[in-house]
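Participant: Sending over entry07.cif (mmCIF, C-alpha atoms).
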data_input
#
loop_
_atom_site.label_atom_id
_atom_site.label_comp_id
_atom_site.auth_asym_id
_atom_site.auth_seq_id
_atom_site.Cartn_x
_atom_site.Cartn_y
_atom_site.Cartn_z
CA MET A 984 55.86 18.95 2.99
CA GLU A 985 56.62 19.23 6.70
CA LYS A 986 54.63 17.22 9.19
CA ARG A 987 53.90 17.07 12.91
CA LYS A 988 51.71 14.76 14.98
CA VAL A 989 50.18 16.24 18.08
CA SER A 990 48.41 14.54 20.98
CA ASN A 991 44.70 15.25 21.18
CA THR A 992 44.86 17.37 24.32
CA GLU A 993 44.36 21.10 24.80
CA LYS A 994 47.83 21.43 26.27
CA ALA A 995 49.55 19.74 23.33
CA VAL A 996 47.47 21.61 20.76
CA GLY A 997 48.11 24.93 22.51
CA GLU A 998 51.86 24.30 22.61
CA PHE A 999 51.92 23.25 18.95
CA LEU A 1000 49.98 26.34 17.92
CA GLU A 1001 52.40 28.59 19.77
CA TRP A 1002 55.34 26.92 18.03
CA PHE A 1003 53.60 26.95 14.64
CA LYS A 1004 52.83 30.64 14.88
CA LYS A 1005 56.36 31.55 15.92
CA GLU A 1006 58.27 29.26 13.54
CA VAL A 1007 56.02 29.03 10.48
CA LEU A 1008 53.31 31.67 10.30
CA ASN A 1009 55.35 34.61 11.58
CA SER A 1010 58.08 33.94 9.03
CA PHE A 1011 55.68 33.58 6.10
CA PHE A 1012 53.37 36.50 6.91
CA THR A 1013 54.95 39.87 7.42
CA THR A 1014 52.22 41.90 9.12
CA GLU A 1015 50.86 41.34 12.62
CA TYR A 1016 47.33 41.36 11.22
CA ASP A 1017 48.08 38.52 8.79
CA GLN A 1018 49.99 36.58 11.44
CA ASP A 1019 47.06 36.84 13.87
CA SER A 1020 44.63 35.97 11.10
CA ALA A 1021 46.51 32.80 10.11
CA GLU A 1022 46.95 31.78 13.74
CA TYR A 1023 43.20 32.18 14.27
CA VAL A 1024 42.46 29.93 11.27
CA ALA A 1025 44.83 27.23 12.52
CA LEU A 1026 43.32 27.47 16.02
CA GLU A 1027 39.76 27.06 14.76
CA ILE A 1028 40.56 24.01 12.64
CA LEU A 1029 42.68 22.45 15.41
CA ASN A 1030 39.86 23.01 17.92
CA ASN A 1031 37.42 21.31 15.53
CA ALA A 1032 39.80 18.37 15.11
CA LEU A 1033 40.34 18.05 18.86
CA GLU A 1034 36.69 18.30 19.86
CA HIS A 1035 34.59 17.13 16.93
CA GLY A 1036 36.92 15.03 14.78
CA ASN A 1037 38.70 13.18 17.59
CA GLY A 1038 35.84 13.54 20.07
CA LYS A 1039 38.21 14.79 22.82
CA ASP A 1040 39.76 11.31 22.88
CA GLU A 1041 43.26 11.82 24.30
CA SER A 1042 44.50 8.56 22.76
CA LYS A 1043 44.02 10.01 19.28
CA LYS A 1044 46.34 12.31 17.34
CA ILE A 1045 46.06 15.33 15.09
CA THR A 1046 48.38 15.47 12.07
CA ILE A 1047 49.42 18.83 10.67
CA GLU A 1048 51.26 19.11 7.36
CA TRP A 1049 52.34 22.25 5.57
CA SER A 1050 54.24 23.38 2.51
CA PHE A 1051 55.19 26.61 0.78
CA ASN A 1052 54.85 27.42 -2.89
CA GLY A 1053 55.95 30.97 -3.59
CA ASP A 1054 53.30 33.23 -2.11
CA GLU A 1055 51.13 30.30 -1.06
CA LEU A 1056 51.10 28.35 2.16
CA THR A 1057 49.10 25.13 2.26
CA VAL A 1058 48.20 23.60 5.60
CA ALA A 1059 46.42 20.28 6.04
CA ILE A 1060 45.02 19.29 9.43
CA ALA A 1061 43.76 15.75 9.93
CA ASP A 1062 42.11 13.99 12.84
CA GLU A 1063 41.58 10.26 13.40
CA GLY A 1064 37.82 10.41 13.48
CA ARG A 1065 35.29 8.89 11.12
CA GLY A 1066 35.15 12.09 9.14
CA PHE A 1067 32.30 14.23 7.93
CA THR A 1068 32.02 17.20 5.66
CA PRO A 1069 30.00 19.96 7.27
CA ALA A 1070 28.22 22.58 5.25
CA ILE A 1071 30.12 25.82 5.55
CA PRO A 1072 27.69 28.50 6.73
CA VAL A 1073 27.29 31.43 4.36
CA GLU A 1074 26.41 33.86 7.09
CA THR A 1075 27.19 34.29 10.76
CA PRO A 1076 24.79 32.44 13.09
CA PRO A 1077 22.34 34.36 15.30
CA ILE A 1078 24.05 36.18 18.13
CA THR A 1079 22.42 33.96 20.78
CA GLN A 1080 23.89 30.82 19.22
CA THR A 1081 27.03 29.90 21.14
CA ARG A 1082 28.62 27.76 18.45
CA GLY A 1083 28.91 27.47 14.69
CA ARG A 1084 31.09 30.47 13.89
CA GLY A 1085 34.42 28.72 13.37
CA LEU A 1086 34.15 27.47 9.79
CA PHE A 1087 32.23 30.54 8.68
CA SER A 1088 34.96 32.85 9.89
CA VAL A 1089 37.80 30.66 8.58
CA HIS A 1090 36.20 30.48 5.15
CA GLU A 1091 36.13 34.26 5.01
CA ILE A 1092 39.88 34.48 5.66
CA VAL A 1093 41.60 31.74 3.62
CA SER A 1094 42.03 31.56 -0.15
CA SER A 1095 40.57 28.08 -0.18
CA LEU A 1096 39.16 25.55 2.26
CA THR A 1097 38.47 21.98 1.21
CA PHE A 1098 37.86 18.64 2.91
CA SER A 1099 39.37 15.27 2.07
CA GLU A 1100 37.03 12.66 0.62
CA ARG A 1101 36.70 10.94 3.99
CA GLY A 1102 36.06 14.27 5.64
CA ASN A 1103 38.63 13.99 8.43
CA GLN A 1104 41.18 16.34 6.88
CA VAL A 1105 40.87 20.02 6.15
CA ILE A 1106 43.15 21.59 3.55
CA LEU A 1107 43.67 25.33 3.76
CA THR A 1108 45.45 27.64 1.38
CA PHE A 1109 46.73 31.02 2.43
CA ARG A 1110 47.91 33.49 -0.15
CA LYS A 1111 50.11 36.42 0.82
CA GLY A 1112 48.66 39.80 0.10
CA GLU A 1113 45.00 38.61 0.13
CA MET B 634 37.85 53.39 70.31
CA SER B 635 34.88 54.24 68.06
CA GLU B 636 32.27 51.62 67.26
CA MET B 637 33.26 51.42 63.61
CA THR B 638 36.96 51.03 64.47
CA GLU B 639 35.94 48.18 66.78
CA MET B 640 34.18 46.63 63.79
CA VAL B 641 37.40 46.78 61.79
CA GLN B 642 39.33 45.27 64.70
CA THR B 643 36.77 42.48 65.04
CA PHE B 644 36.95 41.81 61.31
CA ILE B 645 40.76 41.57 61.47
CA SER B 646 40.70 39.32 64.52
CA ASP B 647 38.04 36.98 63.10
CA SER B 648 39.87 36.79 59.76
CA GLN B 649 43.18 36.01 61.48
CA THR B 650 41.52 33.12 63.31
CA LEU B 651 40.25 31.75 60.00
CA ALA B 652 43.67 32.13 58.38
CA GLU B 653 45.37 30.26 61.27
CA GLU B 654 42.86 27.39 61.01
CA PHE B 655 43.90 26.77 57.42
CA HIS B 656 47.59 26.71 58.14
CA GLU B 657 47.60 23.03 59.14
CA LEU B 658 45.13 21.95 56.46
CA THR B 659 47.34 23.12 53.60
CA ASP B 660 50.35 20.88 54.40
CA GLY B 661 49.92 18.65 51.37
CA PHE B 662 49.10 21.44 48.93
CA GLU B 663 52.58 21.86 47.52
CA SER B 664 52.65 18.23 46.48
CA GLY B 665 49.28 18.70 44.78
CA GLN B 666 47.13 17.14 47.48
CA ALA B 667 44.09 19.14 48.44
CA SER B 668 40.70 17.78 49.38
CA THR B 669 37.53 19.24 47.91
CA GLU B 670 36.31 19.98 51.43
CA THR B 671 39.43 21.97 52.29
CA ILE B 672 39.28 23.97 49.06
CA GLY B 673 35.61 24.67 49.71
CA ALA B 674 36.34 25.82 53.25
CA ILE B 675 39.13 28.14 52.07
CA PHE B 676 36.86 29.52 49.37
CA ARG B 677 34.15 30.31 51.93
CA ALA B 678 36.65 31.99 54.23
CA VAL B 679 38.09 34.17 51.45
CA HIS B 680 34.54 34.98 50.30
CA SER B 681 33.74 36.08 53.84
CA MET B 682 36.87 38.23 54.02
CA LYS B 683 35.98 39.78 50.66
CA GLY B 684 32.54 40.67 51.94
CA GLY B 685 33.75 41.98 55.30
CA SER B 686 36.54 44.09 53.83
CA GLY B 687 34.21 45.50 51.18
CA PHE B 688 31.65 46.47 53.81
CA LEU B 689 34.25 48.23 55.98
CA ILE B 690 36.19 50.13 53.27
CA GLY B 691 34.59 53.36 54.48
CA GLU B 692 36.10 52.81 57.93
CA ASP B 693 39.59 51.93 56.73
CA ALA B 694 40.65 52.66 53.16
CA ARG B 695 43.41 50.02 53.36
CA LEU B 696 40.69 47.39 53.25
CA ALA B 697 40.11 48.23 49.56
CA VAL B 698 43.44 46.59 48.76
CA LEU B 699 42.59 43.48 50.76
CA ASN B 700 39.12 43.43 49.16
CA LYS B 701 40.62 43.50 45.68
CA PHE B 702 43.01 40.67 46.50
CA CYS B 703 40.31 38.53 48.10
CA HIS B 704 38.07 39.11 45.06
CA GLU B 705 40.64 37.69 42.62
CA PHE B 706 41.69 34.93 45.02
CA GLU B 707 38.06 33.94 45.50
CA ASN B 708 37.54 33.71 41.71
CA PHE B 709 40.59 31.48 41.38
CA LEU B 710 39.46 29.28 44.29
CA SER B 711 35.96 28.93 42.78
CA LEU B 712 37.55 27.45 39.65
CA VAL B 713 39.63 25.03 41.74
CA ARG B 714 36.62 24.09 43.87
CA ASP B 715 34.51 23.40 40.76
CA GLY B 716 37.22 21.33 39.10
CA LYS B 717 37.92 23.78 36.27
CA ILE B 718 41.49 24.10 37.54
CA LYS B 719 43.08 20.84 38.61
CA VAL B 720 45.10 20.87 41.81
CA ASP B 721 48.75 20.18 41.09
CA PRO B 722 51.89 21.34 42.94
CA GLU B 723 51.87 24.68 41.07
CA VAL B 724 48.25 25.36 41.99
CA GLY B 725 48.88 24.18 45.54
CA ARG B 726 51.82 26.57 45.86
CA LEU B 727 49.71 29.43 44.53
CA ILE B 728 46.95 28.76 47.04
CA ASN B 729 49.54 28.77 49.83
CA LYS B 730 51.02 32.03 48.52
CA GLY B 731 47.55 33.56 48.49
CA LEU B 732 46.85 32.46 52.07
CA ASP B 733 50.25 33.75 53.23
CA ALA B 734 49.54 37.07 51.51
CA VAL B 735 46.17 37.39 53.26
CA ALA B 736 47.71 36.49 56.65
CA ASP B 737 50.46 39.07 56.10
CA ASP B 738 47.88 41.72 55.15
CA LEU B 739 45.85 41.05 58.28
CA ASP B 740 48.95 41.35 60.50
CA ARG B 741 49.89 44.62 58.81
CA LEU B 742 46.35 45.96 59.11
CA GLU B 743 46.38 45.15 62.82
CA GLY B 744 49.75 46.92 63.18
CA GLY B 745 48.50 50.07 61.46
CA GLN B 746 50.77 49.54 58.43
CA THR B 747 49.98 49.86 54.72
CA ILE B 748 49.36 46.57 53.01
CA ASN B 749 50.85 45.08 49.88
CA SER B 750 48.89 44.96 46.64
CA HIS B 751 50.57 41.60 45.77
CA GLN B 752 50.67 42.36 42.03
CA ASP B 753 52.86 39.32 41.40
CA ILE B 754 50.34 36.93 42.97
CA LEU B 755 47.44 38.73 41.29
CA GLY B 756 49.20 38.18 37.98
CA ASP B 757 49.57 34.46 38.69
CA LEU B 758 45.91 34.18 39.74
CA ALA B 759 44.78 36.00 36.59
CA ALA B 760 46.86 33.69 34.39
CA PHE B 761 44.86 30.72 35.73
CA SER B 762 41.50 32.51 35.89
CA MET B 763 42.06 34.06 32.43
CA VAL B 764 40.82 37.39 33.72
CA GLU B 765 41.10 40.11 36.34
CA VAL B 766 37.77 41.61 37.39
CA GLU B 767 36.98 45.24 38.10
CA VAL B 768 33.59 46.54 39.15
CA ARG B 769 32.95 50.21 38.41
CA ASP B 770 29.61 51.94 38.92
CA ASN B 771 27.35 50.33 36.32
CA LEU B 772 30.02 48.18 34.69
CA VAL B 773 31.66 44.87 35.39
CA ILE B 774 34.95 44.83 33.52
CA PHE B 775 36.81 41.67 32.62
CA HIS B 776 40.44 42.53 31.95
CA VAL B 777 41.49 39.52 29.90
CA ALA B 778 44.86 38.24 31.15
CA LYS B 779 45.76 35.83 28.35
CA ASP B 780 44.43 34.52 25.03
CA ILE B 781 41.22 32.56 25.49
CA LYS B 782 41.43 29.92 22.81
CA MET B 783 40.69 26.41 24.02
CA GLN B 784 37.53 24.96 25.56
CA GLY B 785 39.04 24.72 29.05
CA GLU B 786 40.11 28.37 28.97
CA VAL B 787 36.66 29.43 27.74
CA ASP B 788 35.03 27.42 30.54
CA ARG B 789 37.14 29.21 33.17
CA PHE B 790 36.42 32.66 31.79
CA ILE B 791 32.69 31.97 31.49
CA ALA B 792 32.55 30.55 35.02
CA ILE B 793 34.09 33.75 36.42
CA ALA B 794 31.92 35.99 34.23
CA THR B 795 28.73 34.14 35.20
CA LYS B 796 29.58 34.43 38.88
CA GLU B 797 30.37 38.14 38.63
CA ILE B 798 27.30 39.04 36.58
CA GLU B 799 25.04 37.18 39.02
CA GLU B 800 26.69 38.70 42.09
CA THR B 801 27.06 42.28 40.90
CA LYS B 802 23.82 42.46 38.88
CA LYS B 803 25.56 44.92 36.55
CA ARG B 804 23.77 45.57 33.28
CA LYS B 805 26.80 46.36 31.16
CA ILE B 806 29.83 44.15 30.81
CA VAL B 807 33.18 45.01 29.29
CA VAL B 808 35.60 42.47 27.88
CA ASP B 809 38.92 44.31 27.87
CA LEU B 810 41.28 42.70 25.37
CA GLN B 811 43.98 45.28 26.20
CA GLY B 812 44.99 45.66 22.56
CA LYS B 813 46.70 42.29 22.46
CA PHE B 814 44.71 39.29 23.68
CA LYS B 815 42.82 37.04 21.32
CA LEU B 816 39.62 35.04 21.51
CA SER B 817 38.56 31.96 19.58
CA SER B 818 35.13 31.78 17.93
CA LEU B 819 34.03 29.59 20.82
CA ALA B 820 35.08 32.29 23.30
CA PHE B 821 33.14 34.93 21.36
CA GLY B 822 30.08 32.73 21.11
CA SER B 823 30.16 31.95 24.82
CA ILE B 824 30.44 35.64 25.71
CA PHE B 825 27.53 36.46 23.40
CA GLY B 826 25.57 33.98 25.51
CA PHE B 827 25.23 36.72 28.15
CA ILE B 828 23.42 38.99 25.73
CA ASP B 829 19.96 38.34 27.16
CA GLN B 830 21.15 39.00 30.72
CA VAL B 831 22.69 42.42 30.17
CA GLU B 832 21.97 45.72 28.47
CA LYS B 833 25.19 45.71 26.46
CA ILE B 834 28.45 43.84 25.96
CA PHE B 835 31.45 46.02 25.14
CA PHE B 836 34.69 44.75 23.70
CA CYS B 837 37.42 47.17 24.67
CA LYS B 838 40.68 47.67 22.80
CA PRO B 839 40.50 44.69 20.42
CA SER B 840 43.51 44.27 18.15
CA ALA B 841 42.98 45.07 14.46
CA PHE B 842 42.30 41.44 13.60
CA MET B 843 39.99 40.86 16.57
CA LYS B 844 38.03 43.95 15.48
CA THR B 845 37.51 42.38 12.06
CA VAL B 846 36.29 39.14 13.64
CA LEU B 847 33.91 41.07 15.90
CA GLN B 848 32.49 42.98 12.97
CA ARG B 849 31.80 39.68 11.20
CA PHE B 850 30.15 38.12 14.23
CA GLY B 851 28.18 40.90 15.79
CA GLY B 852 28.79 44.10 13.88
CA ASN B 853 25.18 45.20 13.50
CA ASN B 854 23.85 44.05 16.81
CA PRO B 855 22.91 47.05 18.97
CA LYS B 856 23.81 45.13 22.14
CA ILE B 857 27.43 44.67 21.07
CA GLY B 858 29.82 47.61 21.24
CA VAL B 859 33.48 47.99 20.28
CA VAL B 860 35.34 50.72 22.15
CA ASN B 861 38.88 52.00 22.59
CA SER B 862 38.59 52.86 26.27
CA ILE B 863 36.54 51.87 29.32
CA GLU B 864 35.32 55.47 29.57
CA GLU B 865 33.46 55.10 26.26
CA CYS B 866 31.25 52.44 27.86
CA GLY B 867 29.44 55.09 29.88
CA ASP B 868 27.54 54.47 33.10
#
Give the structure from this file in structure tokens form.
Facilitator:
Amino acid sequence: MEKRKVSNTEKAVGEFLEWFKKEVLNSFFTTEYDQDSAEYVALEILNNALEHGNGKDESKKITIEWSFNGDELTVAIADEGRGFTPAIPVETPPITQTRGRGLFSVHEIVSSLTFSERGNQVILTFRKGE
Amino acid sequence: MSEMTEMVQTFISDSQTLAEEFHELTDGFESGQASTETIGAIFRAVHSMKGGSGFLIGEDARLAVLNKFCHEFENFLSLVRDGKIKVDPEVGRLINKGLDAVADDLDRLEGGQTINSHQDILGDLAAFSMVEVEVRDNLVIFHVAKDIKMQGEVDRFIAIATKEIEETKKRKIVVDLQGKFKLSSLAFGSIFGFIDQVEKIFFCKPSAFMKTVLQRFGGNNPKIGVVNSIEECGD
């Protein structure tokens, strides 16, 4: 499993995401649609880690690990917060609600989405061709 | 000289005076030093030039180019003034470039010459502001200039959009993704926040994946539209 630790700032997260898309996602997924889709998932989980998990605390870190297994890519994103396991919405929130769409939309895209026992790590599985 | 031509000449002269006043105040900008008061004063001056040039476009068509530039420069300066863009040497240099561009335009207007559209500076301003704004009849169009993913980027875009919707009072807004730019769920949610203020929100030229996201978030809502061209938004 490969691993990176990223500072809990928008700049660092943005730079990591750009690198991750170019070096990891774009080589695993072969269509632009799938590449964009996977990048979106990573962005949403990273944003949650940055804002909610780490509470925008710039002294904290986000740890991203990933591994390949044939047609499967597993990505685990962990923050240094206390952890919690939110309920994943089953439908999109009302249009006037500004927030709450991230996990719903991610859940629709990935093959699986689980939380660690402590609740501060999200494990995603992408399967090619799904 | 006709009365209206005198108005244009007065506008140019008054604007040149304003531009010269700022010349000394911007000394520290390129090392990232800019006081809130100075930024506010520059914003007000550019806002005034935007208004004056817009009012006098009928008298001198060249003023449309200056008006466009001042509009984008003003949006950028509003973000700096409100702390959504931090002043650093790069931002300081861009402010100076903008002021030099305006001063050059005013000199060229006075001399009867055509003025530069400053596409390079407009591009730099849009990269910070996240968006380039166009107002057309019943539409205010936000041509997205880069992916809007993180909270800070969303805040800048929403600040510009809020300002434009309040100022223009347009009832239809268009978010032009230009076939390539992407939005996070937070960006979408924040844009949907305008839904009670306008008749309709159009998303123009979303990429294939962005179209899928939009359908999930707002597919059945009659106030959300997905279009392939600005013309489909109607007036």
Participant: Show which residues sit within 8 Å of Pro1076 of chain A, as a PyMOL selection string. Count all atoms listed in the file, and ignore same-chain residues fewer than 6 positions away.
Facilitator: (chain A and resi 1083-1084) or (chain B and resi 850)
Participant: For the atom pair atom CA of Ala820 of chain B and atom CA of Glu993 of chain A, what is the interatomic distance in Å to one decimal place?
Facilitator: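 These two atoms are separated by 14.6 Å.
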Participant: Take the point (48.2, 30.5, 17.7) as written in the file and pick out every residue within 10 Å of it, counting all atoms listed in the file; give the list as an NGL selection string.
Facilitator: (:A and (996-1005 or 1008 or 1018-1027)) or (:B and (780 or 782 or 815 or 817))
Participant: With a cut-off of 6 Å, could you pull out the residues of chain B touching chain A and give me the nearest pair of atoms for each, distance in Å to one decimal, using only C-alpha atoms, ordered by chain and ascending number, as JSON lines?
Facilitator:
{"residue": "B:Ser818", "atom": "CA", "partner": "A:Gly1085", "partner_atom": "CA", "distance": 5.5}
{"residue": "B:Gly822", "atom": "CA", "partner": "A:Thr1081", "partner_atom": "CA", "distance": 4.2}
{"residue": "B:Ser823", "atom": "CA", "partner": "A:Thr1081", "partner_atom": "CA", "distance": 5.2}
{"residue": "B:Gly826", "atom": "CA", "partner": "A:Thr1079", "partner_atom": "CA", "distance": 5.7}
{"residue": "B:Phe842", "atom": "CA", "partner": "A:Tyr1016", "partner_atom": "CA", "distance": 5.6}
{"residue": "B:Phe850", "atom": "CA", "partner": "A:Thr1075", "partner_atom": "CA", "distance": 6.0}
Participant: Every residue with an atom at most 7 Å from (52.4, 15.9, 17.5) (file coordinates; only C-alpha atoms) is what I'm after, so could you write them as a VMD selection string?
Facilitator: chain A and resid 987 to 990 1045 to 1046
Participant: Counting all atoms listed in the file, which residue out of B:Val860, B:Glu657, B:Pro855, B:Thr669 sits closest to Lys719 of chain B?
Facilitator: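 Among B:Val860, B:Glu657, B:Pro855, B:Thr669, it is B:Thr669 that comes nearest to Lys719 of chain B.
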Participant: With all atoms listed in the file as the counted atoms, please give the residues lying no more than 12 Å from Asp770 of chain B, apart from itself and same-chain residues fewer than 3 positions off, as a ChimeraX atom specification.
Facilitator: /B:767,773-774,801-806,863-864,866-868
Participant: Please list as a compact mmCIF listing (two decimals) with C-alpha atoms, in the frame of the given file every residue within 8 Å of Lys1111 of chain A, counting only C-alpha atoms and excluding residues in the same chain fewer than 5 positions away.
Facilitator:
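The new file result-v7.txt reads:
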# COMPACT_ATOMS: atom_id res chain seq x y z
CA PHE A 1012 53.37 36.50 6.91
CA ASP A 1054 53.30 33.23 -2.11
CA GLU A 1055 51.13 30.30 -1.06
Participant: If we count only C-alpha atoms, what is near Ala652 of chain B at a cut-off of 12 Å, once residues fewer than 2 positions away on the same chain are taken out, given as a ChimeraX atom specification?
Facilitator: /B:645-650,654-659,674-679,681-682,729,731-740
Participant: How many Å separate atom CA of Ala995 of chain A from atom CA of Lys1043 of chain A?
Facilitator: 11.9 Å
Participant: Using 8 Å of padding on each side, determine the axis-aligned box around all atoms of segment 1062-1066 of chain A present in the file and give its centre and edge lengths in Å to one decimal, as AutoDock Vina command-line options.
Facilitator:
--center_x 38.6 --center_y 11.4 --center_z 11.3 --size_x 23.0 --size_y 21.1 --size_z 20.3
Participant: For the atom pair atom CA of Ile798 of chain B and atom CA of Glu705 of chain B, what is the interatomic distance in Å to one decimal place?
Facilitator: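 Taking atom CA of Ile798 of chain B and atom CA of Glu705 of chain B, their separation equals 14.7 Å.
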Participant: Can you translate the PyMOL selection byres ((chain B and resi 724) around 10) into the concrete residues it hits in this file, as a ChimeraX atom specification?
Facilitator: /B:662-667,709-710,713,718-723,725-730,757-758,761
Participant: Under the PyMOL selection byres ((chain A and resi 1110) around 9), which residues of this model are included? Write them out as a PyMOL selection string.
Facilitator: chain A and resi 1054-1057+1093-1094+1108-1109+1111-1113
